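Below is one structure, written out as structure tokens, with a few remarks after it.
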Amino acid sequence: MNHFSFPILSTLIFFPLLCAILLMFIRGEEGKNDELMRRIALVASVVEFLISLPLLKYFNDSVAGMQFVEFVPWVKSLSLNYFVGLDGISLWLVMLTTFFVPLCILCSWTYIKQKTKYFLIAMLFLETAMIGALVSLDMVVFYVFWEVMLIPMFLLIGVWGGERRIYSAVKFFLYTAAGSIFMLVAIIYLYYLSYKTNGVGSFNLLELYKLHIPIGPQLWLCAAFTVAFAIKVPLFPLHTWLPDAHVEAPTAGSVILAAILLKMGTYGFLRFSMPLFPYASHQFMPVIAFLAIAGIIYGALVAWAQPDMKKLVAYSSVSHLGYVMIGLFALNIEGIEGGIYQMLNHGVDTGALFLLVGMIYERRHTRLMDDFGGLAKVMPIFAIFLMIATLGSVAVPGTNSFVGEILILVGAFRTYPVVGVFAVSGMVFGVVYMLWMYQKVMFGPITVEANRTLPDLNRREIATMLPIAVLVFVMGIFPGMFLHKMDSSVKAFISQYQQNFSMYEAEASGNPVAVRLQGCKIAVDSHATSHGGVYSSGR
Amino acid sequence: METFKIILPATDYVAVLPQMVLVATALIVLIMGVFKKFVNTSGVGLTALAGSVLALACALFVGHHGGPSSSFAGMVLDDGFSYFLTLVICIIIVLTILVSLNYGVFFENVKSGEYYSLVLFAGVGMVFMATAGNLILLFVALETMSISIYALTGFHKDQLKSGEAALKYFLMGAFGSAFLLYGFAYIYGATGSLDIIKISNFIKTHPQILHLKFMVAGFVLMLAGLGFKISMVPFHMWTPDTYEGAPTSITGFMATGVKAAAFAALIRVILVPLAPMQHSWVSLMWVAIFLTMTVGNLIALAQENIKRMLAYSSIAHAGYILLGFLSGTGLAQAGMLYYLMVYAFMNIGAFAVVALLCKKGEEFNNISDFAGLGFKYPLLGLVMTVFLFSLAGLPPTGGFMGKFYLFTEALRSGYVWLVVAAGVNSVVSIYYYLRVVVIMYFKPEVTENAVVLTAVSPGIIIALAVATTAVLIMGVLPSYFFSFAGNSIFSLM
């Protein structure tokens with residue numbers, strides 16, 4: 001499948017782990033060597049980013065399948081294999097991960113004062129787990145990375161978090177772990193099904209794609225996966241861990257959580273539950289679309305009511321992720337590409353917002369909007385960056401989210417117009433609460449004396465924000481560059497989905513329940529495979 | 001009738017070499033303990049350690065080669081299964097002695113010759129339980145093990161709790177043994193033999209006896225007897241009090257060694273010979289497993305004492321292992337063995353950490369005593385975290401792989417809902433294991449009566465390092481261990 005002889009994906013996965021282990025051997029008592037360790041971690045994460053760049057260069061965008069594949073038998077008796085690969089769907093998410101980790105280390109330079117060594121180790125360990133989860137193609141390997149991801153994040157929230165950190169950390173852990181246990185059982189059941197069908201069990205995702213799963217079990221299995229991923233996304237009403245975790249986590253934790261960890265849920269839908277269970281996914285589609293809409297509107301309204309900036313951004317995540325879900329479940333090329341693109345956009349914009357909120361919190365130790373006002377005069381550079389992030393977040397034309405949201409809406413209107421209508425309302429709310437926040441914090445008279453002397457962003461902070469600000473516009477103006485890489489994979493995904501779906505549907509058509517459902521069948525329409533996307537013509 | 005053999009070939013003795021080494025060491029240690037004037041106290045422990053390491057080496061190198069065979073006229077079976085369990089039990093003994101060496105610094109009693117000789121005698125009993133080919137030998141081995149452990153449980157002579165624990169365990173255990181013996185009698189009545197292989201063959205050739213009430217009664221009584229030892233619900237009542245009251249080094253020994261031996265006996269005398277009557281125990285075992293997992297985990301949630309918590313969790317773990325018993329396939333039994341091995345490392349490891357947190361004559365057993373430990377002693381915290389996560393079944397640890405293997409086999413045998421229940425139980429268990437981690441890392445250190453590591457001997461460092469490494473290796477590269485466990489099951493006689 002690939003002639004790239006260097007095991008680049010394994011390098012990407014394990015390089016941060018190696019650096020983390022290296023850090024363990026540096027003495028870190030009472031804060032000595034902190035500066036050195038920060039530098040090492042920063043260099044390590046930048047090197048990691050550089051290692052990931054060749055992926056872009058050598059990624060063949062005319063190939064739909066997996067690239068840079070590595071396959072090593074792991075446990076023969078259970079036919080477990082260390083099997084990793086990358087396609088157009090995961091490529092950008094991996095890039096996003098390697099892009100954000102250095103920024104997170106940079107933004108924590110002075111924010112994290114306690115136990116710096118362990119913080120850095122946790123960050124690098126987390127990077128290993130995230131990349132591993134994004135590239136693994138064996139269900140169990142995926143599950144291992146997926147669970148391992150929890151541990152450093154749990155520590156990040158619990159050790160370096162705010163006042164209610166313990167509650168939030170435990171809640172985060174238990175919610176996710178509870179969901180994933182069901183996924184584990186479902187994974188094992190899939191193995192058992194493949195064992196029954198083929199005589200040899202398999203955890204290989206690409207082989208399981210070909211597996212015929214009877215409709216009864218399919219619904220259960222899909223439900224198990226859906227719960228696991230819906231918690232991670234988070235889909236309303238399973239979102240309650242998110243505001244707690246976001247608010248209590250240190251800035252770097254919030255950024256990683258928003259930028260990458262939440263994407264694991266949506267990515268999971270796209271990679272696992274939809275292609276494995278097309279029929280069941282289709283049955284669940286109305287429910288998921290409804291919950292996504294509920295999340296969009298609910299998230300936006302609650303965000304509007306928040307006095308705390310970080311909480312506002314956290315709830316806006318619930319709203320934005322609802323969009324992504326609608327895009328993915330529209331099941332046409334616009335919807336899915338828009339969904340993937342919006343995953344990236346949400347990472348970039350919300351990541352930026354969390355970084356900025358963290359910077360201001362570091363200066364004033366408060367995040368309440370009422371404590372601010374008129375900051376634009378005191379901190380002009382900060383104001384510019386916050387403006388860019390806000391505009392990006394509310395999807396102003398020319399910024400990244402605009403492309404994503406338009407694609408999603410186009411996709412949604414083609415599949416389920418009613419859903420599209422409701423989704424648009426969320427966009428309006430988004431503008432309201434974000435601009436409202438901006439106005440309250442930045443404009444007006446300076447009401448609090450302490451704000452008069454706030455220093456503007458220093459060089460390190462500018463260095464943190466600049467790449468993101470540039471990315472907001474690059475992604476807004478040249479979306480083709482990004483979308484082009486995912487085209488073949490997404491198209492293959494859709495045609496495979498349709499093919500499998502019609503097979504299962506034919507199988508179920510003898511069933512009266514299915515006939516009734518056909519009445520409200522949401523079209524996986526014939527245009528879906530045609531080359532679409534309003535912006536794709538501009539490449 | 002057997003013809004009585006007077007001449008026993010030397011190979012017979014080779015088969016029981018580890019046991020012989022253990023017995024010899026136990027006797028030497030016992031005598032050394034008497035001559036306190038001439039032998040200093042650490043010499044006793046070190047001798048015991050040397051003997052157990054020698055036994056481990058014997059088990060490793062001299063043990064089972066080639067096909068399965070039996071010695072002493074079928075009394076002792078020498079097959080892959082024996083080999084595996086002898087190894088595991090010897091490892092458990094070595095680790096326990098390493099932990100005890102350090103624990104003895106805090107508690108004078110634990111230094112004595114009797115203590116070590118009892119540990120070694122219990123170990124001999126365990127090994128014989130795993131290798132016995134005859135119900136009588138099995139029973140004698142069980143009693144050797146049990147009586148030693150009863151005495152060890154009460155070794156904190158100055159603590160009431162310890163005495164209470166010993167008495168409870170003794171009374172309950174005596175009942176359990178009686179049940180087991182009663183069960184043996186029924187089986188003997190039905191099949192006319194005490195030899196496990198002959199019983200097995202007899203059942204194969206006379207399937208009609210499976211319908212005898214005798215057989216069912218025998219099965220239930222044997223299950224009850226062994227169920228006491230593995231603390232299967234509803235025979236678990238003694239576990240928390242006993243685990244809490246016993247010296248911590250012994251708690252770890254009990255939780256792993258006794259369990260390993262009892263599960264070995266369960267496989268040897270019930271699962272394999274009585275396999276044809278499997279269908280008749282499915283519903284009974286289903287309920288028992290469900291209750292064992294659920295009761296253990298739910299009560300563990302409410303515990304404030306870490307030893308009690310681990311006691312209840314050990315009940316739950318027995319439930320997970322029994323999943324393999326219910327599935328009954330060869331691979332499922334291999335999963336049981338694999339789990340027993342991981343469980344030995346992670347549980348002794350966890351108890352070793354608890355045994356380390358002591359001061360003269362006093363243990364720090366409350367979970368709240370762990371506050372701030374994670375950053376105060378980073379390595380200790382890390383090691384404890386690895387053990388707890390492994391017990392909770394989180395990757396990349398051996399505990400995850402073990403559970404995964406058992407769940408897979410149970411699902412393959414069609415017990416979907418039981419596996420789902422086991423999954424839910426795992427989530428519940430994550431909560432209480434995580435709580436310890438939370439307290440270790442997120443809570444500030446307590447100011448008064450804080451835990452200080454006063455004595456850390458090289459022995460316990462080795463024990464912790466070995467256990468941690470084993471847990472991680474079995475999680476990341478389980479392949480070798482899976483095939484080891486699988487091979488030993490398939491060469492089961």
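By order in the structure tokens, chains are A, B, ...; within a chain, residues start at 1; ligands start at 1, following the order shown.
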
| query | Which residues come within 9 Å of Arg268 (chain B), counting only C-alpha atoms, excluding same-chain residues fewer than 6 positions away, as a PyMOL selection string? | reply | chain B and resi 130-133+196+492-493

| message | If we count only C-alpha atoms and set the cut-off at 9 Å, which residues sit around Ser202 (chain A), ignoring sequence neighbours fewer than 2 positions away in its own chain? Please answer as a ChimeraX atom specification. | response | /A:78-80,138,190-192,194-195,200,204-205,207-208

Keeping only N, CA and C atoms, write the selected residues as a PDB file, in the first residue's frame.
```pdb
ATOM      1  N   LEU A  78      -4.654 -14.085  19.766  1.00  0.00           N
ATOM      2  CA  LEU A  78      -5.911 -13.342  19.648  1.00  0.00           C
ATOM      3  C   LEU A  78      -5.966 -12.570  18.338  1.00  0.00           C
ATOM      4  N   SER A  79      -5.035 -12.860  17.455  1.00  0.00           N
ATOM      5  CA  SER A  79      -4.850 -12.113  16.208  1.00  0.00           C
ATOM      6  C   SER A  79      -4.921 -10.614  16.424  1.00  0.00           C
ATOM      7  N   LEU A  80      -4.189 -10.168  17.421  1.00  0.00           N
ATOM      8  CA  LEU A  80      -4.024  -8.729  17.627  1.00  0.00           C
ATOM      9  C   LEU A  80      -2.797  -8.285  16.849  1.00  0.00           C
ATOM     10  N   ASP A 138      -6.230  -1.082  14.355  1.00  0.00           N
ATOM     11  CA  ASP A 138      -6.637  -2.314  15.023  1.00  0.00           C
ATOM     12  C   ASP A 138      -7.500  -1.862  16.187  1.00  0.00           C
ATOM     13  N   LEU A 190     -17.556  -7.878  18.184  1.00  0.00           N
ATOM     14  CA  LEU A 190     -17.228  -7.851  16.746  1.00  0.00           C
ATOM     15  C   LEU A 190     -16.235  -8.961  16.407  1.00  0.00           C
ATOM     16  N   TYR A 191     -15.266  -9.113  17.294  1.00  0.00           N
ATOM     17  CA  TYR A 191     -14.283 -10.176  17.106  1.00  0.00           C
ATOM     18  C   TYR A 191     -14.985 -11.524  17.051  1.00  0.00           C
ATOM     19  N   TYR A 192     -15.899 -11.686  17.964  1.00  0.00           N
ATOM     20  CA  TYR A 192     -16.640 -12.942  18.045  1.00  0.00           C
ATOM     21  C   TYR A 192     -17.467 -13.167  16.773  1.00  0.00           C
ATOM     22  N   SER A 194     -16.787 -11.972  13.796  1.00  0.00           N
ATOM     23  CA  SER A 194     -15.896 -12.294  12.692  1.00  0.00           C
ATOM     24  C   SER A 194     -15.375 -13.722  12.846  1.00  0.00           C
ATOM     25  N   TYR A 195     -15.252 -14.144  14.090  1.00  0.00           N
ATOM     26  CA  TYR A 195     -14.832 -15.518  14.345  1.00  0.00           C
ATOM     27  C   TYR A 195     -15.897 -16.489  13.866  1.00  0.00           C
ATOM     28  N   VAL A 200     -11.926 -17.290  11.729  1.00  0.00           N
ATOM     29  CA  VAL A 200     -10.801 -16.665  12.423  1.00  0.00           C
ATOM     30  C   VAL A 200     -11.283 -15.304  12.902  1.00  0.00           C
ATOM     31  N   ASN A 204      -8.861  -6.423  13.156  1.00  0.00           N
ATOM     32  CA  ASN A 204      -8.376  -5.530  12.114  1.00  0.00           C
ATOM     33  C   ASN A 204      -9.536  -4.728  11.553  1.00  0.00           C
ATOM     34  N   LEU A 205      -9.453  -3.431  11.680  1.00  0.00           N
ATOM     35  CA  LEU A 205     -10.584  -2.584  11.290  1.00  0.00           C
ATOM     36  C   LEU A 205     -10.939  -2.753   9.821  1.00  0.00           C
ATOM     37  N   GLU A 207     -10.563  -5.238   7.941  1.00  0.00           N
ATOM     38  CA  GLU A 207     -11.258  -6.507   7.667  1.00  0.00           C
ATOM     39  C   GLU A 207     -12.663  -6.479   8.243  1.00  0.00           C
ATOM     40  N   LEU A 208     -12.803  -5.819   9.380  1.00  0.00           N
ATOM     41  CA  LEU A 208     -14.129  -5.756   9.994  1.00  0.00           C
ATOM     42  C   LEU A 208     -15.097  -4.926   9.158  1.00  0.00           C
TER      43      LEU A 208
END
```

| message | as JSON, numbers by chain, please: the residues near Val141 (chain A) (cut-off 12 Å, only C-alpha atoms, same-chain neighbours under 4 positions excluded). | response | {"A": [71, 72, 73, 74, 75, 79, 80, 81, 82, 83, 84, 129, 131, 132, 133, 134, 135, 136, 137, 145, 146, 147, 148, 184, 187, 203, 204, 205], "B": [395, 396, 401, 475, 476]}

Taking a cut-off of 10 Å and counting only C-alpha atoms, can you build a table that, for each residue of chain B near chain A, reports the nearest atom pair and how far apart they are in Å (one decimal), sorted by chain then residue number, as CSV?
```
residue,atom,partner,partner_atom,distance
B:Leu331,CA,A:Ser77,CA,9.2
B:Phe375,CA,A:Lys115,CA,8.3
B:Pro378,CA,A:Tyr118,CA,9.6
B:Phe389,CA,A:Ile151,CA,9.5
B:Leu394,CA,A:Glu147,CA,6.9
B:Pro395,CA,A:Val144,CA,5.3
B:Pro396,CA,A:Val144,CA,6.3
B:Thr397,CA,A:Val144,CA,9.6
B:Phe400,CA,A:Val144,CA,8.9
B:Met401,CA,A:Val144,CA,9.9
B:Phe404,CA,A:Ile188,CA,8.2
B:Tyr405,CA,A:Leu78,CA,8.2
B:Phe407,CA,A:Ile188,CA,7.5
B:Thr408,CA,A:Ile188,CA,5.7
B:Glu409,CA,A:Tyr192,CA,8.9
B:Ala410,CA,A:Ile188,CA,9.8
B:Leu411,CA,A:Tyr189,CA,6.6
B:Arg412,CA,A:Tyr192,CA,5.6
B:Ser413,CA,A:Tyr192,CA,9.1
B:Gly414,CA,A:Tyr192,CA,9.0
B:Val416,CA,A:Tyr189,CA,8.0
B:Trp417,CA,A:Val185,CA,9.8
B:Val419,CA,A:Val185,CA,7.1
B:Val420,CA,A:Val185,CA,6.6
B:Ala421,CA,A:Phe182,CA,9.9
B:Ala422,CA,A:Val185,CA,9.3
B:Gly423,CA,A:Ile181,CA,5.7
B:Val424,CA,A:Ile181,CA,7.2
B:Asn425,CA,A:Ile181,CA,9.6
B:Ser426,CA,A:Ile181,CA,7.7
B:Val427,CA,A:Ala178,CA,5.5
B:Val428,CA,A:Ala178,CA,8.5
B:Ile430,CA,A:Leu174,CA,7.6
B:Tyr431,CA,A:Leu174,CA,7.0
B:Leu434,CA,A:Val170,CA,7.9
B:Arg435,CA,A:Val170,CA,8.3
B:Val437,CA,A:Leu155,CA,9.5
B:Val438,CA,A:Ile166,CA,7.3
B:Ile439,CA,A:Ile166,CA,9.2
B:Tyr441,CA,A:Val159,CA,6.7
B:Phe442,CA,A:Val159,CA,5.3
B:Lys443,CA,A:Ile166,CA,8.6
B:Val476,CA,A:Trp74,CA,8.9
B:Leu477,CA,A:Trp74,CA,7.3
B:Pro478,CA,A:Val75,CA,6.7
B:Ser479,CA,A:Val75,CA,4.6
B:Tyr480,CA,A:Val75,CA,8.2
B:Phe481,CA,A:Val75,CA,9.8
B:Phe482,CA,A:Ser77,CA,7.3
B:Ser483,CA,A:Ser77,CA,7.2
B:Gly486,CA,A:Ser77,CA,8.9
```

| query | Running DSSP on the backbone, which parts of region 1-93 of chain B land in strand (DSSP E), as a list in words? | reply |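 DSSP on the backbone gives strand (DSSP E) at Ser69, Ser70, Ser71, Val76, Leu77 and Asp78 of chain B.
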
Can you write out the residues you just picked, keeping all heavy atoms, as an mmCIF file, in the first residue's frame?
```
data_model
loop_
_atom_site.group_PDB
_atom_site.id
_atom_site.type_symbol
_atom_site.label_atom_id
_atom_site.label_comp_id
_atom_site.auth_asym_id
_atom_site.auth_seq_id
_atom_site.Cartn_x
_atom_site.Cartn_y
_atom_site.Cartn_z
ATOM 1 N N SER B 69 3.432 -36.303 32.690
ATOM 2 C CA SER B 69 3.674 -37.593 33.319
ATOM 3 C C SER B 69 3.201 -37.484 34.764
ATOM 4 O O SER B 69 2.901 -36.403 35.239
ATOM 5 C CB SER B 69 5.156 -37.926 33.294
ATOM 6 O OG SER B 69 5.860 -36.931 34.014
ATOM 7 N N SER B 70 3.139 -38.624 35.434
ATOM 8 C CA SER B 70 2.752 -38.568 36.830
ATOM 9 C C SER B 70 3.768 -39.328 37.652
ATOM 10 O O SER B 70 4.493 -40.180 37.135
ATOM 11 C CB SER B 70 1.361 -39.151 37.026
ATOM 12 O OG SER B 70 1.401 -40.524 36.723
ATOM 13 N N SER B 71 3.851 -38.973 38.909
ATOM 14 C CA SER B 71 4.801 -39.664 39.753
ATOM 15 C C SER B 71 4.125 -40.035 41.064
ATOM 16 O O SER B 71 3.021 -39.574 41.346
ATOM 17 C CB SER B 71 6.021 -38.771 40.007
ATOM 18 O OG SER B 71 5.601 -37.468 40.295
ATOM 19 N N VAL B 76 1.193 -37.199 42.184
ATOM 20 C CA VAL B 76 1.628 -35.883 41.734
ATOM 21 C C VAL B 76 1.672 -35.881 40.217
ATOM 22 O O VAL B 76 2.229 -36.787 39.614
ATOM 23 C CB VAL B 76 3.020 -35.540 42.305
ATOM 24 C CG1 VAL B 76 3.483 -34.207 41.776
ATOM 25 C CG2 VAL B 76 2.963 -35.532 43.816
ATOM 26 N N LEU B 77 1.048 -34.902 39.640
ATOM 27 C CA LEU B 77 1.044 -34.801 38.187
ATOM 28 C C LEU B 77 2.102 -33.805 37.759
ATOM 29 O O LEU B 77 2.268 -32.747 38.368
ATOM 30 C CB LEU B 77 -0.326 -34.324 37.707
ATOM 31 C CG LEU B 77 -1.481 -35.254 38.070
ATOM 32 C CD1 LEU B 77 -2.779 -34.663 37.549
ATOM 33 C CD2 LEU B 77 -1.251 -36.624 37.481
ATOM 34 N N ASP B 78 2.809 -34.171 36.725
ATOM 35 C CA ASP B 78 3.872 -33.320 36.233
ATOM 36 C C ASP B 78 3.551 -32.956 34.785
ATOM 37 O O ASP B 78 3.936 -33.645 33.862
ATOM 38 C CB ASP B 78 5.207 -34.065 36.334
ATOM 39 C CG ASP B 78 6.363 -33.190 35.915
ATOM 40 O OD1 ASP B 78 6.184 -31.952 35.952
ATOM 41 O OD2 ASP B 78 7.409 -33.726 35.548
#
```

| query | Residues at most 10 Å from Asn297 (chain B), counting only C-alpha atoms, excluding those fewer than 2 positions away in the same chain, as a PyMOL selection string? | reply | chain B and resi 291-295+299-302+309-310+312-317+425-432

| Spatial neighbours of region 482-488 of chain A, 8 Å, only C-alpha atoms, chain gap at least 6 places, as a list in words | Asn60, Asp61, Ser62, Val63, Ala64, Asp87, Gly88, Ile89, Trp92, Glu337, Tyr341, Met475, Ser536 and Arg539 of chain A

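Counting only C-alpha atoms, region 495-500 of chain A has the following residues at most 8 Å away, ignoring those fewer than 2 positions along the same chain: Met274, Pro275, Pro278, Tyr279, Lys491, Ala492, Phe493, Ser502, Met503, Tyr504, Val524 and Thr529 of chain A.
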
Emit the selected residues as a CSV table (one decimal), in the first residue's frame, including N, CA and C atoms.
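This is the output file result.csv:
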```csv
chain,number,residue,atom,x,y,z
A,274,MET,N,-19.9,4.6,12.1
A,274,MET,CA,-20.6,4.7,10.8
A,274,MET,C,-20.3,3.7,9.8
A,275,PRO,N,-19.0,3.5,9.5
A,275,PRO,CA,-18.7,2.5,8.5
A,275,PRO,C,-18.9,1.0,8.9
A,278,PRO,N,-23.5,0.6,9.2
A,278,PRO,CA,-24.2,1.6,8.4
A,278,PRO,C,-25.7,1.6,8.6
A,279,TYR,N,-26.2,0.4,8.7
A,279,TYR,CA,-27.7,0.3,8.9
A,279,TYR,C,-28.1,0.9,10.2
A,491,LYS,N,-14.8,10.4,-0.3
A,491,LYS,CA,-15.7,9.8,-1.3
A,491,LYS,C,-15.8,8.3,-1.2
A,492,ALA,N,-14.6,7.8,-0.9
A,492,ALA,CA,-14.6,6.3,-0.7
A,492,ALA,C,-15.5,5.9,0.5
A,493,PHE,N,-15.4,6.7,1.5
A,493,PHE,CA,-16.2,6.5,2.7
A,493,PHE,C,-17.6,6.5,2.3
A,502,SER,N,-27.3,-0.1,1.5
A,502,SER,CA,-28.3,-0.7,0.7
A,502,SER,C,-28.4,-2.2,0.8
A,503,MET,N,-27.2,-2.8,1.0
A,503,MET,CA,-27.2,-4.2,1.3
A,503,MET,C,-28.0,-4.6,2.5
A,504,TYR,N,-27.7,-3.9,3.6
A,504,TYR,CA,-28.4,-4.2,4.8
A,504,TYR,C,-29.9,-3.8,4.7
A,524,VAL,N,-29.9,9.3,1.5
A,524,VAL,CA,-28.4,9.3,1.3
A,524,VAL,C,-28.4,9.4,-0.2
A,529,THR,N,-22.2,11.2,-4.2
A,529,THR,CA,-20.9,10.8,-4.7
A,529,THR,C,-20.4,11.8,-5.7
```

| said: One number please: CA of Leu375 (chain A) to CA of Tyr433 (chain A), in Å, one decimal. | reply: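 Computing it gives 18.0 Å between the two atoms.
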
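As for CA of Phe99 (chain A) and CA of Pro7 (chain A), they are spaced 20.1 Å apart.
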
| query | Using only C-alpha atoms, which of B:Tyr243, B:Gly330, B:Trp238, B:Thr251 sits nearest Leu271 (chain B)? | reply | B:Gly330

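What separates CA of Val140 (chain B) from CA of Val119 (chain B) is a distance of 16.5 Å.
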
| query | Any idea what's packed within 10 Å of Pro273 (chain B), counting only C-alpha atoms, ignoring anything in its chain fewer than 5 positions away? Could you give it as a list in words? | reply |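 Answer for this query is Ile196, Ile197, Lys198, Ile199, Ser200, Asn201, Phe202, Ile203, Lys204, Ile267, Arg268 and Met493 of chain B.
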
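Considering only C-alpha atoms, the residue among A:Leu257, A:Leu321, A:Ala228, A:Val431 positioned nearest to Leu301 (chain A) is A:Val431.
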
| Which of region 224-309 of chain B DSSP labels helix (DSSP H, G or I), written as an NGL selection string | :B and (224-229 or 238-245 or 248-271 or 275-301 or 306-309)

| task | Point out the residue among A:Phe354, A:Tyr267, A:Phe478, A:Phe15 with the least atom-to-atom distance to Cys107 (chain A), counting only C-alpha atoms. | result | A:Phe354
